[in-house]
2 protein chains.
Amino acid sequence: MTARGGVKPAARRGQWQTATDVLGLIARQPGITRAAAARELRLSTSSTTEVTARLRDLHLLTETPAPSQGRGRPTTVLRPHPRGPVVLAMELRQAGWRSAAATLDGVLLDQQSTRHRSRRPDAVLAAVLAALRAGVDRAKEQYGDRLLAVSLAVAGTVREDHLMQAPTLGWNTVDLSPVVAGSGLPLLVGNDATLSGVAEARTGAAAGAGTALHLIVEVGIGGTLIIDGSPASGATGAGGEYGHIPFGDRRRTCPCGARGCWDLEIDGRALAEHLHEPEPDDPYSYAEALLQRLDERPISRAVAKVTAALATGIAGLVNAHDPEVVTLGGLAVPLRAAAPAVFSTAYSDGLMTFHRASPPAVLDSTHQQTGALRGAAAVALDHITSESALAHWSDRFS
Amino acid sequence: MTARGGVKPAARRGQWQTATDVLGLIARQPGITRAAAARELRLSTSSTTEVTARLRDLHLLTETPAPSQGRGRPTTVLRPHPRGPVVLAMELRQAGWRSAAATLDGVLLDQQSTRHRSRRPDAVLAAVLAALRAGVDRAKEQYGDRLLAVSLAVAGTVREDHLMQAPTLGWNTVDLSPVVAGSGLPLLVGNDATLSGVAEARTGAAAGAGTALHLIVEVGIGGTLIIDGSPASGATGAGGEYGHIPFGDRRRTCPCGARGCWDLEIDGRALAEHLHEPEPDDPYSYAEALLQRLDERPISRAVAKVTAALATGIAGLVNAHDPEVVTLGGLAVPLRAAAPAVFSTAYSDGLMTFHRASPPAVLDSTHQQTGALRGAAAVALDHITSESALAHWSDRFS
DNA sequence: TCCATTAAACTCGTACTCCGAGCATAAGCC
DNA sequence: GGCTTATGCTCGGAGTACGAGTTTAATGGA
């Protein structure tokens, strides 16, 4: 190595570019063959030989014989190396938390899932953070120095490493960095809707789309605009709060502080209002329960109203962003399924006329529950396969 | 050169990366010195020597002595080469069209401006396209093979190389590619609001912002979300039609085909409605005229209502995208100036509470009328300084 | 069974770019 | 006129990708 003394290697430009490209391709298309990867990246066979040899020597890849596909010398499948790097993806939700390790191909290992004791997660947040930290410690024990990053998906508004909490308008911030305290690992934090959108864009229903819009209804509506596989997360990471644009009735104030939020028209709270019932404690399960009782007219009418509001808003966002495809997650899927005609009419009516000839497809998410975890893993893998991170990893072998 | 016979050189990866970076820097910071550019790009002095020599030899840059700044060997200012490449930026508006050539530093040369004879541009569109094409021919004559690309900013919805026209709901498409027919030049087409946003993000009020939101009010409202200097133009280039999201009254149908469009609440048409006047022929000049008569109470009240609708919508978009800064163009500037208190109150009230502590600054555009032209030039310069385009240019010297 | 065909991998020499180290240069400052 | 300072230039070397040519491991037909 050229680095001497305390001088850092300064990451020569473009040094690990091709390696990064190959590893990124493996995360997006697990099980891709070496020959197919070379075609995709337009690498010459000599470059392919060179880069795979290097990645093999660095314990990043292994090659296993690929099933033969006709004549010609058989190629190999590129797989993560058994002693290669690993990331830890975690997800913090209202109902509990989950975690999984992931290898360079994005495959989730050792999935674990725990429920909170309390329904009010803010009440037990300190305990949950401690539990997450214990999860990090376990993973560190299991994988040792193969573990290179921790990625956390949070159900809530996120700014940098902080969760923005609004216990009725205080908006205090909760620092999430204690999750990795002492481990020496980098922590990546993202909103769960944003990260599930990343998963859809990388390996799900929006795979291959240059611009994709992902929307997920749980309590309120969240989502993200994804451009070339990266979410538009804004200046502080709080981008994608589509629930808080004023698509709704201006007379109503949202807990977020703004008025007329779309949020208030979409979820269980909106259903309750249409049904003249009190605001539910847990709007998500409340809505889930109602969606089992669609044979009752008042319920199906309320669901239709909410579905129409959802579709109209989606159409507005399609006008604004012109995505190639829209993906739906959470309650948006059963809502649409409950009133497909209402949805498609409202969607079409909300589009600018020229979009109507070939409107962007609205697809159900393929990942659903695992989306946020997969997206968190994807972001962490991006992080550890960046050029500078690979240069750092390679120092171990010098 | 390694290319032999008809085989193309296949643009070796990373080959022109640093050259592209240097030229991009010169477009963003015209007049930057060689030493400052090297610092910015973290290039070693040897690399700097090498890359500047190469760019000089290829007629891309010249160096002129920089004014001395204290001790030390004086450096040079990097300037476009007098025989270097040039792009043609054009702008097609309701009122007329404009054009200018631009060198690698983005400086506009030979600005020309022509007014349409008719107020209804669709009536004379064929003639206008012919005039634009004549402009291309003139530029080609003047600059010869230095002219490498034509970039067209269009006041209207754009999909790929087509202008979407809605003469009362037909939405026929007008192919703009005849503008470069026969010239052999690539044509880049973009919406004017999008391109003026690019200009703000590159060299204007949003310079340096990672995520910026640009909004411009003329007839209706247009804009764009800009991430790292690139506009989120969507799948077909029609992204940024913020005027057609349903922030407004659902009972009103917009000429675009959707309902409740924000467009209808912002521009001269909205002012006319508040004043119980008939819909103006030319909402832009109508609004301009009213903004000169703010001492009349009904007018100032109408302006305040429109300003509030503008600010509320902006706040919603800030919630959604979390930009670092918002820039305003067109009538949005005098609208805000006419009722600054109304604007800031509505803006703040529309934000999610946690944004209110330090809301994104809302700034007037620095480029205003020249924004679209500058943005068009910037996009064209990106195109001709891409790695493959530089490889192609360098073939001239082999 | 053997051999032509095919697709892919490997080897070798080369081109390109960037870098570090060392040296040279042109200004200001005393 | 020398010292200081910031910058530019030269040189040798490293790293990566490529083209051309060769080798390899499969299929499929005679």
# chains A, B, ... in the order shown; residues from 1 in each chain; ligands from 1
call {"tool": "interface_residues", "arguments": {"of": "chain A", "to": "chain C", "cutoff": "6 Å", "atoms": "only C-alpha atoms (C1' of nucleotides)", "output": "list in words"}}
result
Arg71, Gly72 and Arg73 of chain A
call {"tool": "write_last_selection", "arguments": {"atoms": "N, CA and C atoms", "output": "CSV table (one decimal), in the first residue's frame"}}
result
chain,number,residue,atom,x,y,z
A,71,ARG,N,-25.0,-23.9,-25.1
A,71,ARG,CA,-23.6,-24.1,-25.4
A,71,ARG,C,-22.7,-23.1,-24.8
A,72,GLY,N,-21.5,-23.3,-24.9
A,72,GLY,CA,-20.5,-22.3,-24.4
A,72,GLY,C,-20.0,-22.6,-23.0
A,73,ARG,N,-18.9,-22.0,-22.8
A,73,ARG,CA,-18.3,-22.2,-21.4
A,73,ARG,C,-19.2,-21.7,-20.4
call {"tool": "select_by_dssp", "arguments": {"residues": "range 34-213 of chain A", "states": "alpha helix (DSSP H)", "output": "ChimeraX atom specification"}}
result
/A:34-41,45-57,125-143,192-203
call {"tool": "write_last_selection", "arguments": {"atoms": "N, CA and C atoms", "output": "compact mmCIF listing (two decimals), in the first residue's frame"}}
result
# COMPACT_ATOMS: atom_id res chain seq x y z
N ARG A 34 -21.98 -13.90 -13.45
CA ARG A 34 -20.84 -13.05 -13.78
C ARG A 34 -20.94 -12.51 -15.20
N ALA A 35 -21.33 -13.37 -16.14
CA ALA A 35 -21.42 -12.94 -17.53
C ALA A 35 -22.53 -11.90 -17.71
N ALA A 36 -23.66 -12.12 -17.04
CA ALA A 36 -24.77 -11.17 -17.15
C ALA A 36 -24.39 -9.82 -16.55
N ALA A 37 -23.68 -9.87 -15.43
CA ALA A 37 -23.26 -8.62 -14.80
C ALA A 37 -22.34 -7.85 -15.73
N ALA A 38 -21.44 -8.57 -16.38
CA ALA A 38 -20.51 -7.90 -17.29
C ALA A 38 -21.26 -7.25 -18.45
N ARG A 39 -22.26 -7.95 -18.97
CA ARG A 39 -23.06 -7.37 -20.04
C ARG A 39 -23.76 -6.10 -19.56
N GLU A 40 -24.38 -6.19 -18.40
CA GLU A 40 -25.14 -5.08 -17.85
C GLU A 40 -24.26 -3.84 -17.67
N LEU A 41 -23.06 -4.05 -17.17
CA LEU A 41 -22.17 -2.92 -16.89
C LEU A 41 -21.28 -2.60 -18.09
N THR A 45 -14.39 -8.54 -21.13
CA THR A 45 -14.15 -9.79 -20.39
C THR A 45 -12.88 -9.68 -19.56
N SER A 46 -11.91 -8.95 -20.08
CA SER A 46 -10.67 -8.81 -19.30
C SER A 46 -10.94 -8.02 -18.02
N SER A 47 -11.73 -6.96 -18.13
CA SER A 47 -12.05 -6.18 -16.92
C SER A 47 -12.84 -7.02 -15.94
N THR A 48 -13.73 -7.83 -16.48
CA THR A 48 -14.54 -8.68 -15.61
C THR A 48 -13.64 -9.64 -14.83
N THR A 49 -12.75 -10.27 -15.53
CA THR A 49 -11.81 -11.18 -14.87
C THR A 49 -11.08 -10.46 -13.76
N GLU A 50 -10.62 -9.27 -14.10
CA GLU A 50 -9.83 -8.52 -13.14
C GLU A 50 -10.64 -8.15 -11.90
N VAL A 51 -11.84 -7.60 -12.13
CA VAL A 51 -12.59 -7.08 -10.99
C VAL A 51 -13.12 -8.23 -10.12
N THR A 52 -13.53 -9.33 -10.74
CA THR A 52 -14.02 -10.44 -9.91
C THR A 52 -12.88 -11.04 -9.09
N ALA A 53 -11.72 -11.13 -9.70
CA ALA A 53 -10.58 -11.66 -8.96
C ALA A 53 -10.29 -10.79 -7.75
N ARG A 54 -10.35 -9.48 -7.96
CA ARG A 54 -10.06 -8.57 -6.85
C ARG A 54 -11.11 -8.71 -5.75
N LEU A 55 -12.38 -8.77 -6.16
CA LEU A 55 -13.45 -8.87 -5.16
C LEU A 55 -13.39 -10.20 -4.43
N ARG A 56 -12.95 -11.23 -5.13
CA ARG A 56 -12.80 -12.54 -4.48
C ARG A 56 -11.68 -12.48 -3.44
N ASP A 57 -10.56 -11.90 -3.84
CA ASP A 57 -9.43 -11.81 -2.92
C ASP A 57 -9.77 -10.99 -1.67
N LEU A 125 -39.93 4.36 25.14
CA LEU A 125 -38.91 4.57 24.12
C LEU A 125 -37.51 4.28 24.63
N ALA A 126 -37.23 4.71 25.85
CA ALA A 126 -35.90 4.47 26.40
C ALA A 126 -35.63 2.97 26.45
N ALA A 127 -36.63 2.22 26.87
CA ALA A 127 -36.45 0.77 26.95
C ALA A 127 -36.25 0.17 25.55
N VAL A 128 -37.00 0.70 24.58
CA VAL A 128 -36.88 0.16 23.23
C VAL A 128 -35.50 0.46 22.66
N LEU A 129 -35.02 1.66 22.88
CA LEU A 129 -33.68 1.98 22.38
C LEU A 129 -32.64 1.07 23.02
N ALA A 130 -32.81 0.78 24.28
CA ALA A 130 -31.88 -0.13 24.94
C ALA A 130 -31.96 -1.52 24.32
N ALA A 131 -33.18 -1.95 23.99
CA ALA A 131 -33.35 -3.26 23.36
C ALA A 131 -32.69 -3.28 21.98
N LEU A 132 -32.86 -2.20 21.24
CA LEU A 132 -32.22 -2.13 19.92
C LEU A 132 -30.70 -2.19 20.07
N ARG A 133 -30.22 -1.49 21.06
CA ARG A 133 -28.78 -1.49 21.28
C ARG A 133 -28.29 -2.89 21.64
N ALA A 134 -29.08 -3.59 22.43
CA ALA A 134 -28.72 -4.97 22.76
C ALA A 134 -28.69 -5.81 21.48
N GLY A 135 -29.63 -5.53 20.57
CA GLY A 135 -29.63 -6.23 19.29
C GLY A 135 -28.35 -5.97 18.51
N VAL A 136 -27.90 -4.73 18.55
CA VAL A 136 -26.64 -4.40 17.88
C VAL A 136 -25.50 -5.19 18.52
N ASP A 137 -25.50 -5.22 19.83
CA ASP A 137 -24.43 -5.95 20.51
C ASP A 137 -24.42 -7.43 20.15
N ARG A 138 -25.62 -8.02 20.09
CA ARG A 138 -25.70 -9.43 19.70
C ARG A 138 -25.15 -9.65 18.29
N ALA A 139 -25.55 -8.77 17.40
CA ALA A 139 -25.08 -8.92 16.01
C ALA A 139 -23.57 -8.76 15.94
N LYS A 140 -23.06 -7.83 16.72
CA LYS A 140 -21.62 -7.60 16.74
C LYS A 140 -20.90 -8.85 17.25
N GLU A 141 -21.50 -9.48 18.25
CA GLU A 141 -20.93 -10.70 18.78
C GLU A 141 -20.94 -11.80 17.72
N GLN A 142 -22.08 -11.89 17.02
CA GLN A 142 -22.22 -12.95 16.04
C GLN A 142 -21.32 -12.75 14.83
N TYR A 143 -21.26 -11.52 14.33
CA TYR A 143 -20.55 -11.29 13.07
C TYR A 143 -19.18 -10.65 13.25
N ASP A 192 -39.67 4.91 7.75
CA ASP A 192 -40.02 3.58 7.26
C ASP A 192 -40.70 3.61 5.89
N ALA A 193 -41.53 4.62 5.67
CA ALA A 193 -42.18 4.70 4.36
C ALA A 193 -41.15 4.98 3.27
N THR A 194 -40.21 5.85 3.58
CA THR A 194 -39.14 6.15 2.62
C THR A 194 -38.36 4.88 2.29
N LEU A 195 -38.00 4.14 3.33
CA LEU A 195 -37.16 2.98 3.10
C LEU A 195 -37.91 1.85 2.40
N SER A 196 -39.21 1.71 2.71
CA SER A 196 -39.94 0.67 1.98
C SER A 196 -40.04 1.07 0.51
N GLY A 197 -40.09 2.38 0.25
CA GLY A 197 -40.06 2.84 -1.13
C GLY A 197 -38.76 2.49 -1.81
N VAL A 198 -37.67 2.63 -1.08
CA VAL A 198 -36.38 2.25 -1.64
C VAL A 198 -36.38 0.77 -2.02
N ALA A 199 -36.93 -0.04 -1.13
CA ALA A 199 -36.97 -1.48 -1.41
C ALA A 199 -37.79 -1.77 -2.67
N GLU A 200 -38.93 -1.09 -2.81
CA GLU A 200 -39.75 -1.31 -4.01
C GLU A 200 -38.99 -0.89 -5.27
N ALA A 201 -38.28 0.23 -5.18
CA ALA A 201 -37.58 0.73 -6.35
C ALA A 201 -36.38 -0.14 -6.72
N ARG A 202 -35.77 -0.76 -5.71
CA ARG A 202 -34.59 -1.57 -5.99
C ARG A 202 -34.96 -2.98 -6.45
N THR A 203 -35.83 -3.62 -5.68
CA THR A 203 -36.08 -5.03 -5.95
C THR A 203 -37.56 -5.36 -5.97
call {"tool": "interface_residues", "arguments": {"of": "chain D", "to": "chain A", "cutoff": "9 Å", "atoms": "only C-alpha atoms (C1' of nucleotides)", "output": "PyMOL selection string"}}
result
chain D and resi 14-18+24-28
call {"tool": "write_last_selection", "arguments": {"atoms": "C-alpha atoms (C1' of nucleotides)", "output": "short mmCIF file (atom, residue, chain, number, x, y, z; two decimals), in the first residue's frame"}}
result
data_model
loop_
_atom_site.label_atom_id
_atom_site.label_comp_id
_atom_site.auth_asym_id
_atom_site.auth_seq_id
_atom_site.Cartn_x
_atom_site.Cartn_y
_atom_site.Cartn_z
"C1'" DA D 14 0.45 2.58 -9.15
"C1'" DG D 15 -4.09 1.21 -10.33
"C1'" DT D 16 -7.58 0.19 -13.52
"C1'" DA D 17 -9.70 -0.83 -17.89
"C1'" DC D 18 -9.16 -2.25 -22.46
"C1'" DT D 24 -11.41 -23.53 -21.65
"C1'" DA D 25 -15.72 -26.01 -20.89
"C1'" DA D 26 -19.87 -26.77 -22.22
"C1'" DT D 27 -23.46 -28.30 -26.33
"C1'" DG D 28 -24.86 -30.72 -30.39
#
call {"tool": "closest_residue", "arguments": {"among": "A:Ala270, A:Leu78, A:Ala308, A:Ala320", "to": "His244 in chain B", "atoms": "only C-alpha atoms"}}
result
A:Ala320
call {"tool": "residues_around", "arguments": {"residues": "Gly316 in chain A", "least_positions_apart": "6", "cutoff": "7 Å", "atoms": "only C-alpha atoms (C1' of nucleotides)", "output": "list in words"}}
result
Gly350 and Leu351 of chain A; His244, Ile245 and Pro246 of chain B
call {"tool": "interface_residues", "arguments": {"of": "chain B", "to": "chain A", "cutoff": "7 Å", "atoms": "only C-alpha atoms", "output": "VMD selection string"}}
result
chain B and resid 14 171 210 to 211 233 to 236 238 to 242 244 to 247 256 to 259 316 to 317 319 to 324 349 to 354
call {"tool": "decode", "arguments": {"residues": "chain C", "atoms": "N, CA and C atoms (P, O5', C5', C4', C3', O3' and C1' of nucleotides)", "output": "compact mmCIF listing (two decimals), in the first residue's frame"}}
result
# COMPACT_ATOMS: atom_id res chain seq x y z
P DT C 1 -17.68 -42.91 -25.55
O5' DT C 1 -17.25 -42.67 -27.06
C5' DT C 1 -16.52 -43.65 -27.77
C4' DT C 1 -15.94 -42.97 -29.00
C3' DT C 1 -15.03 -41.80 -28.67
O3' DT C 1 -13.91 -41.82 -29.56
C1' DT C 1 -16.85 -41.04 -29.97
P DC C 2 -12.67 -40.89 -29.26
O5' DC C 2 -12.91 -39.76 -30.35
C5' DC C 2 -13.21 -40.11 -31.70
C4' DC C 2 -13.67 -38.88 -32.45
C3' DC C 2 -12.84 -37.62 -32.18
O3' DC C 2 -12.58 -36.99 -33.40
C1' DC C 2 -15.12 -37.17 -31.84
P DC C 3 -11.35 -36.02 -33.58
O5' DC C 3 -12.03 -34.78 -34.30
C5' DC C 3 -13.07 -35.00 -35.25
C4' DC C 3 -14.02 -33.82 -35.25
C3' DC C 3 -13.34 -32.46 -35.02
O3' DC C 3 -13.91 -31.52 -35.92
C1' DC C 3 -15.10 -32.71 -33.52
P DA C 4 -13.10 -30.27 -36.43
O5' DA C 4 -14.24 -29.20 -36.74
C5' DA C 4 -15.39 -29.61 -37.49
C4' DA C 4 -16.61 -28.87 -36.98
C3' DA C 4 -16.43 -27.36 -36.85
O3' DA C 4 -17.58 -26.72 -37.37
C1' DA C 4 -17.14 -28.25 -34.77
P DT C 5 -17.63 -25.14 -37.46
O5' DT C 5 -18.42 -24.82 -36.13
C5' DT C 5 -19.69 -25.43 -35.92
C4' DT C 5 -20.29 -24.91 -34.63
C3' DT C 5 -20.12 -23.41 -34.41
O3' DT C 5 -21.39 -22.86 -34.09
C1' DT C 5 -19.44 -24.60 -32.50
P DT C 6 -21.67 -21.31 -34.14
O5' DT C 6 -21.66 -20.99 -32.59
C5' DT C 6 -22.51 -21.72 -31.72
C4' DT C 6 -22.12 -21.46 -30.29
C3' DT C 6 -21.81 -19.99 -29.99
O3' DT C 6 -22.77 -19.54 -29.05
C1' DT C 6 -20.24 -21.46 -28.98
P DA C 7 -23.01 -17.97 -28.84
O5' DA C 7 -22.51 -17.82 -27.34
C5' DA C 7 -23.06 -18.67 -26.34
C4' DA C 7 -22.18 -18.61 -25.12
C3' DA C 7 -21.84 -17.19 -24.68
O3' DA C 7 -22.16 -17.08 -23.30
C1' DA C 7 -19.85 -18.48 -24.92
P DA C 8 -22.08 -15.76 -22.49
O5' DA C 8 -20.72 -16.01 -21.70
C5' DA C 8 -20.59 -17.20 -20.94
C4' DA C 8 -19.15 -17.41 -20.62
C3' DA C 8 -18.46 -16.20 -19.98
O3' DA C 8 -18.05 -16.55 -18.69
C1' DA C 8 -17.11 -17.22 -21.64
P DA C 9 -17.43 -15.52 -17.68
O5' DA C 9 -15.92 -16.02 -17.57
C5' DA C 9 -15.68 -17.37 -17.20
C4' DA C 9 -14.21 -17.69 -17.41
C3' DA C 9 -13.27 -16.69 -16.73
O3' DA C 9 -12.29 -17.41 -16.01
C1' DA C 9 -12.74 -16.87 -19.03
P DC C 10 -11.24 -16.66 -15.13
O5' DC C 10 -9.97 -16.64 -16.09
C5' DC C 10 -9.40 -17.87 -16.54
C4' DC C 10 -8.21 -17.57 -17.43
C3' DC C 10 -7.20 -16.60 -16.82
O3' DC C 10 -5.93 -17.22 -16.83
C1' DC C 10 -7.78 -15.95 -19.02
P DT C 11 -4.67 -16.54 -16.14
O5' DT C 11 -3.87 -15.91 -17.37
C5' DT C 11 -3.71 -16.65 -18.56
C4' DT C 11 -2.84 -15.88 -19.54
C3' DT C 11 -1.83 -14.92 -18.89
O3' DT C 11 -0.59 -15.05 -19.57
C1' DT C 11 -3.22 -13.73 -20.39
P DC C 12 0.69 -14.33 -18.96
O5' DC C 12 0.91 -13.16 -20.03
C5' DC C 12 0.67 -13.42 -21.42
C4' DC C 12 0.69 -12.11 -22.18
C3' DC C 12 1.62 -11.05 -21.59
O3' DC C 12 2.46 -10.56 -22.61
C1' DC C 12 -0.53 -10.15 -21.98
P DG C 13 3.72 -9.68 -22.21
O5' DG C 13 3.42 -8.33 -23.01
C5' DG C 13 2.89 -8.41 -24.34
C4' DG C 13 2.19 -7.11 -24.67
C3' DG C 13 2.96 -5.85 -24.25
O3' DG C 13 2.92 -4.92 -25.32
C1' DG C 13 0.79 -5.79 -23.35
P DT C 14 3.57 -3.49 -25.20
O5' DT C 14 2.31 -2.55 -24.97
C5' DT C 14 1.21 -2.64 -25.87
C4' DT C 14 0.16 -1.64 -25.45
C3' DT C 14 0.70 -0.26 -25.08
O3' DT C 14 -0.06 0.71 -25.77
C1' DT C 14 -0.75 -1.07 -23.39
P DA C 15 0.46 2.19 -25.87
O5' DA C 15 -0.83 2.98 -25.33
C5' DA C 15 -2.13 2.55 -25.74
C4' DA C 15 -3.15 3.22 -24.84
C3' DA C 15 -2.80 4.66 -24.48
O3' DA C 15 -3.98 5.44 -24.60
C1' DA C 15 -3.08 3.38 -22.50
P DC C 16 -3.91 7.01 -24.62
O5' DC C 16 -4.55 7.39 -23.23
C5' DC C 16 -5.77 6.77 -22.85
C4' DC C 16 -5.96 6.94 -21.37
C3' DC C 16 -5.59 8.33 -20.85
O3' DC C 16 -6.75 8.93 -20.34
C1' DC C 16 -4.75 6.59 -19.45
P DT C 17 -6.80 10.49 -20.08
O5' DT C 17 -6.75 10.54 -18.49
C5' DT C 17 -7.65 9.72 -17.77
C4' DT C 17 -7.14 9.52 -16.37
C3' DT C 17 -6.71 10.81 -15.67
O3' DT C 17 -7.48 10.93 -14.50
C1' DT C 17 -5.12 9.09 -15.36
P DC C 18 -7.65 12.33 -13.77
O5' DC C 18 -6.98 12.04 -12.37
C5' DC C 18 -7.39 10.90 -11.62
C4' DC C 18 -6.26 10.49 -10.72
C3' DC C 18 -5.69 11.64 -9.91
O3' DC C 18 -6.05 11.48 -8.54
C1' DC C 18 -3.98 10.23 -10.85
P DC C 19 -5.71 12.51 -7.47
O5' DC C 19 -4.31 11.98 -6.95
C5' DC C 19 -4.24 10.64 -6.45
C4' DC C 19 -2.81 10.29 -6.15
C3' DC C 19 -2.09 11.37 -5.37
O3' DC C 19 -1.86 10.93 -4.04
C1' DC C 19 -0.76 10.54 -7.20
P DG C 20 -1.41 11.96 -2.95
O5' DG C 20 0.15 11.65 -2.77
C5' DG C 20 0.58 10.30 -2.68
C4' DG C 20 2.09 10.27 -2.66
C3' DG C 20 2.74 11.35 -1.80
O3' DG C 20 3.87 10.79 -1.14
C1' DG C 20 3.42 11.63 -4.07
P DA C 21 4.69 11.67 -0.10
O5' DA C 21 5.99 12.04 -0.96
C5' DA C 21 6.56 11.04 -1.79
C4' DA C 21 7.79 11.61 -2.48
C3' DA C 21 8.50 12.71 -1.69
O3' DA C 21 9.91 12.53 -1.79
C1' DA C 21 7.84 13.54 -3.81
P DG C 22 10.89 13.48 -0.94
O5' DG C 22 11.47 14.38 -2.11
C5' DG C 22 11.87 13.79 -3.34
C4' DG C 22 12.06 14.87 -4.38
C3' DG C 22 12.76 16.14 -3.85
O3' DG C 22 13.86 16.44 -4.68
C1' DG C 22 10.80 16.70 -5.05
P DC C 23 14.81 17.67 -4.36
O5' DC C 23 14.37 18.68 -5.50
C5' DC C 23 14.33 18.22 -6.85
C4' DC C 23 13.71 19.29 -7.74
C3' DC C 23 14.34 20.67 -7.56
O3' DC C 23 14.68 21.17 -8.84
C1' DC C 23 11.98 20.81 -7.41
P DA C 24 15.33 22.59 -8.96
O5' DA C 24 14.12 23.45 -9.53
C5' DA C 24 13.46 23.01 -10.71
C4' DA C 24 12.42 24.04 -11.11
C3' DA C 24 12.92 25.48 -11.12
O3' DA C 24 12.37 26.11 -12.28
C1' DA C 24 11.07 25.30 -9.66
P DT C 25 12.70 27.59 -12.60
O5' DT C 25 11.43 28.36 -12.06
C5' DT C 25 10.15 28.03 -12.59
C4' DT C 25 9.12 28.93 -11.97
C3' DT C 25 9.51 30.41 -11.92
O3' DT C 25 8.39 31.16 -12.37
C1' DT C 25 8.78 29.71 -9.82
P DA C 26 8.63 32.50 -13.17
O5' DA C 26 7.73 33.50 -12.31
C5' DA C 26 6.33 33.28 -12.23
C4' DA C 26 5.80 33.93 -10.98
C3' DA C 26 6.22 35.39 -10.78
O3' DA C 26 5.08 36.13 -10.40
C1' DA C 26 6.69 34.15 -8.86
P DA C 27 4.83 37.57 -10.94
O5' DA C 27 4.93 38.44 -9.58
C5' DA C 27 3.79 38.82 -8.94
C4' DA C 27 3.72 38.23 -7.54
C3' DA C 27 4.09 39.16 -6.41
O3' DA C 27 3.01 40.01 -6.10
C1' DA C 27 4.77 36.89 -6.00
P DG C 28 3.26 41.37 -5.36
O5' DG C 28 3.37 40.89 -3.85
C5' DG C 28 2.22 40.33 -3.22
C4' DG C 28 2.58 39.90 -1.81
C3' DG C 28 2.94 41.06 -0.88
O3' DG C 28 2.44 40.79 0.42
C1' DG C 28 4.77 39.57 -1.04
P DC C 29 2.34 41.95 1.48
O5' DC C 29 3.67 41.73 2.34
C5' DC C 29 3.86 40.47 2.98
C4' DC C 29 5.18 40.46 3.72
C3' DC C 29 5.55 41.77 4.42
O3' DC C 29 6.00 41.48 5.72
C1' DC C 29 7.34 41.06 3.02
P DC C 30 5.99 42.59 6.81
O5' DC C 30 7.53 42.67 7.21
C5' DC C 30 8.20 41.47 7.62
C4' DC C 30 9.69 41.63 7.44
C3' DC C 30 10.26 42.92 8.05
O3' DC C 30 11.23 42.59 9.03
C1' DC C 30 11.11 42.56 5.85
